[in-house]
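Notes follow the structure.
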Amino acid sequence: MEKKHIIILLSALCAILAAGTGAVVLLTRTPSSRETACAENVARLQEMETADISSIEKQLNELKKQDQSTATATLLEEGGILSDVEIKQAFQGSVIIGDSITESIVEYGFLDTDVVVSKRGLSIVNADEQIQTAIGLHPSTIFMAFGSNDLEIYESDSASFIDAYRTQLQKLSEALPDSPVYINGILPILQSTIDEVPALGYYPQFNQALQELCMEMGYTYIDTAYLVNDGESMYEPDGEHVIRDYYPKWLTLMAKTAGL
């Protein structure tokens, strides 16, 4: 984000607030409020002019994460976590494509292989067979969950990861143009695991790239990070995979996001 763009945005904000305050003036007869609003925004503008751009971007990203976590929490609170029976009912006619984290949905008995198309160690670039299997199921709704294995393949090269993801999404779009696609973010990975495998530490950059891909292609991004806010207690000893308790929450989040 360039500084001049921030200045333009704040200038526009100042104008909008000034206009809005003008409406208040007519109702409350406090003409000084407009000047106060402008003065406050001018002060913000001056602060932004001298601020470190990377610091500003960091603050904006933190606010964005807070908003996403709040939205996820609200969604799960509405109606609560789905029961095992409700999960099976909700995902009838849908398909979830992914790696070993997705595979555990079947291993724990939540859904069967007519819904879950997965393979342990699978990366998005090598998922041709799974994509074709999913297409053959003619799903009404599609969920994607890739990235953990791709981190070790692409390391800091999130652009190549996104290129591979885009290629697979285009196959789905061409074969199933009426089926909406939902893309799950990569789960946070514990720092102790990142210390052993540094490439895994790029997951925030990959998630940001996935969000941008969703905006580009018109798909919905599902932020799963909130689901592991309890910390290490939600993880298997490897610090990357998650325990059984995670899955009802994840499946509920996917179902409610898609309106299943």
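We name chains A, B, ... following the order of the structure tokens; residues begin at 1 in each chain, and ligands are numbered from 1 as shown.
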| field | Neighbour list for Met254 of chain A as a count of residues only, cut-off 9 Å, only C-alpha atoms, skip fewer than 3 positions in-chain | value | 11
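Using only C-alpha atoms, the contacts of segment 208-218 of chain A at a cut-off of 9 Å, with sequence neighbours closer than 4 positions omitted, comprise Ser158, Ala159, Phe161, Ile162, Tyr165, Arg166, Leu169, Val181, Tyr182, Ile183, Asn184, Gly185, Tyr203, Pro204 and Ile222 of chain A.
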Output file for the residues above (C-alpha atoms, as a PDB file, in the first residue's frame):
```
ATOM      1  CA  SER A 158       3.167 -18.222  -2.723  1.00  0.00           C
ATOM      2  CA  ALA A 159       2.647 -17.029  -6.329  1.00  0.00           C
ATOM      3  CA  PHE A 161       1.121 -22.064  -5.140  1.00  0.00           C
ATOM      4  CA  ILE A 162      -1.688 -19.751  -6.253  1.00  0.00           C
ATOM      5  CA  TYR A 165      -4.565 -23.585  -7.135  1.00  0.00           C
ATOM      6  CA  ARG A 166      -6.050 -21.428  -9.893  1.00  0.00           C
ATOM      7  CA  LEU A 169     -10.212 -24.222  -9.709  1.00  0.00           C
ATOM      8  CA  VAL A 181     -16.638 -23.133  -4.411  1.00  0.00           C
ATOM      9  CA  TYR A 182     -15.448 -22.397  -0.866  1.00  0.00           C
ATOM     10  CA  ILE A 183     -11.728 -22.276  -0.096  1.00  0.00           C
ATOM     11  CA  ASN A 184     -10.490 -23.052   3.410  1.00  0.00           C
ATOM     12  CA  GLY A 185      -7.478 -21.196   4.735  1.00  0.00           C
ATOM     13  CA  TYR A 203       1.302 -20.006   6.019  1.00  0.00           C
ATOM     14  CA  PRO A 204       0.140 -16.413   6.748  1.00  0.00           C
ATOM     15  CA  ILE A 222     -13.209 -19.609   4.950  1.00  0.00           C
TER      16      ILE A 222
END
```
| Between A:Pro139, A:Gly239, A:Pro248, A:Gly109, which one has atoms that come closest to Pro180 of chain A, using only C-alpha atoms? | A:Pro139
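Restricting the calculation to only C-alpha atoms, the smallest distance between Arg244 of chain A and any of A:Ser173, A:Ile81, A:Glu107, A:Asp128 is found for A:Glu107.
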| request: Give me, please, the distance in Å between atom CA of Gln168 of chain A and atom CA of Thr224 of chain A, quoted to one decimal. | output: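 So the answer is 21.3 Å.
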| said: Using DSSP assignments from the backbone, pull out every residue in segment 71-151 of chain A that falls under helix (DSSP H, G or I) and give it to me as number ranges by chain. | reply: A: 71-77, 84-90, 100-107, 124-126, 128-136, 148-151
| said: Which residues are near Thr133 of chain A? Cut-off 10 Å, only C-alpha atoms, ignore same chain within fewer than 6 positions. Put them as a list in words. | reply: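 Surrounding residues, per the criterion: Val95, Ile97, Asp114, Val117, Ser118 and Ala127 of chain A.
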May I have the selected residues written with all heavy atoms, as a short mmCIF file (atom, residue, chain, number, x, y, z; two decimals), in the first residue's frame?
```cif
data_model
loop_
_atom_site.label_atom_id
_atom_site.label_comp_id
_atom_site.auth_asym_id
_atom_site.auth_seq_id
_atom_site.Cartn_x
_atom_site.Cartn_y
_atom_site.Cartn_z
N VAL A 95 -19.04 -31.87 -1.82
CA VAL A 95 -17.76 -32.57 -1.82
C VAL A 95 -16.70 -31.69 -1.16
O VAL A 95 -16.71 -30.46 -1.31
CB VAL A 95 -17.33 -32.95 -3.26
CG1 VAL A 95 -16.98 -31.71 -4.08
CG2 VAL A 95 -16.13 -33.90 -3.25
N ILE A 97 -12.56 -31.48 -0.87
CA ILE A 97 -11.34 -31.99 -1.48
C ILE A 97 -10.15 -31.49 -0.67
O ILE A 97 -10.05 -30.28 -0.40
CB ILE A 97 -11.20 -31.51 -2.94
CG1 ILE A 97 -12.51 -31.68 -3.70
CG2 ILE A 97 -10.07 -32.25 -3.65
CD1 ILE A 97 -12.53 -30.99 -5.05
N ASP A 114 -18.04 -40.57 -0.27
CA ASP A 114 -18.87 -40.00 -1.32
C ASP A 114 -18.96 -38.48 -1.19
O ASP A 114 -19.49 -37.81 -2.07
CB ASP A 114 -20.28 -40.61 -1.30
CG ASP A 114 -21.01 -40.36 0.02
OD1 ASP A 114 -20.32 -40.13 1.05
OD2 ASP A 114 -22.25 -40.40 0.02
N VAL A 117 -13.07 -36.28 -0.69
CA VAL A 117 -12.11 -36.78 -1.67
C VAL A 117 -10.73 -36.26 -1.23
O VAL A 117 -10.43 -35.07 -1.35
CB VAL A 117 -12.43 -36.27 -3.09
CG1 VAL A 117 -11.40 -36.80 -4.08
CG2 VAL A 117 -13.84 -36.71 -3.50
N SER A 118 -9.92 -37.14 -0.69
CA SER A 118 -8.67 -36.68 -0.07
C SER A 118 -7.57 -37.73 -0.19
O SER A 118 -7.82 -38.87 -0.58
CB SER A 118 -8.92 -36.38 1.42
OG SER A 118 -9.36 -37.57 2.08
N ALA A 127 -3.13 -32.74 -7.36
CA ALA A 127 -4.49 -33.16 -7.03
C ALA A 127 -5.36 -33.44 -8.25
O ALA A 127 -6.59 -33.47 -8.15
CB ALA A 127 -5.15 -32.10 -6.15
#
```
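Considering the residues A:Leu176, A:Ile135, A:Ile105, A:Ile124 and counting only C-alpha atoms, Ile153 of chain A has its shortest atom-to-atom contact with A:Ile124.
Comparing the minimum interatomic distances between Gly93 of chain A and each of A:Ser179, A:Gln191, A:Thr167, A:Ser156, counting only C-alpha atoms, we find that A:Ser179 sits nearest.
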| task | Would you return as a list in words the members of segment 145-210 of chain A that DSSP assigns to strand (DSSP E or B) on this structure's backbone? | result | Ala145, Val181, Tyr182, Ile183 and Asn184 of chain A
If you keep C-alpha atoms, can you produce a file of those selected residues as a PDB file, in the first residue's frame?
```pdb
ATOM      1  CA  ALA A 145      -8.692 -27.484   1.773  1.00  0.00           C
ATOM      2  CA  VAL A 181     -16.638 -23.133  -4.411  1.00  0.00           C
ATOM      3  CA  TYR A 182     -15.448 -22.397  -0.866  1.00  0.00           C
ATOM      4  CA  ILE A 183     -11.728 -22.276  -0.096  1.00  0.00           C
ATOM      5  CA  ASN A 184     -10.490 -23.052   3.410  1.00  0.00           C
TER       6      ASN A 184
END
```
| message | Excluding Phe110 of chain A and its own-chain neighbours fewer than 4 positions away, which residues fall within 9 Å of it when counting only C-alpha atoms? Please give them as a PyMOL selection string. | response | chain A and resi 84-85+87-88+104-106+247-248+251
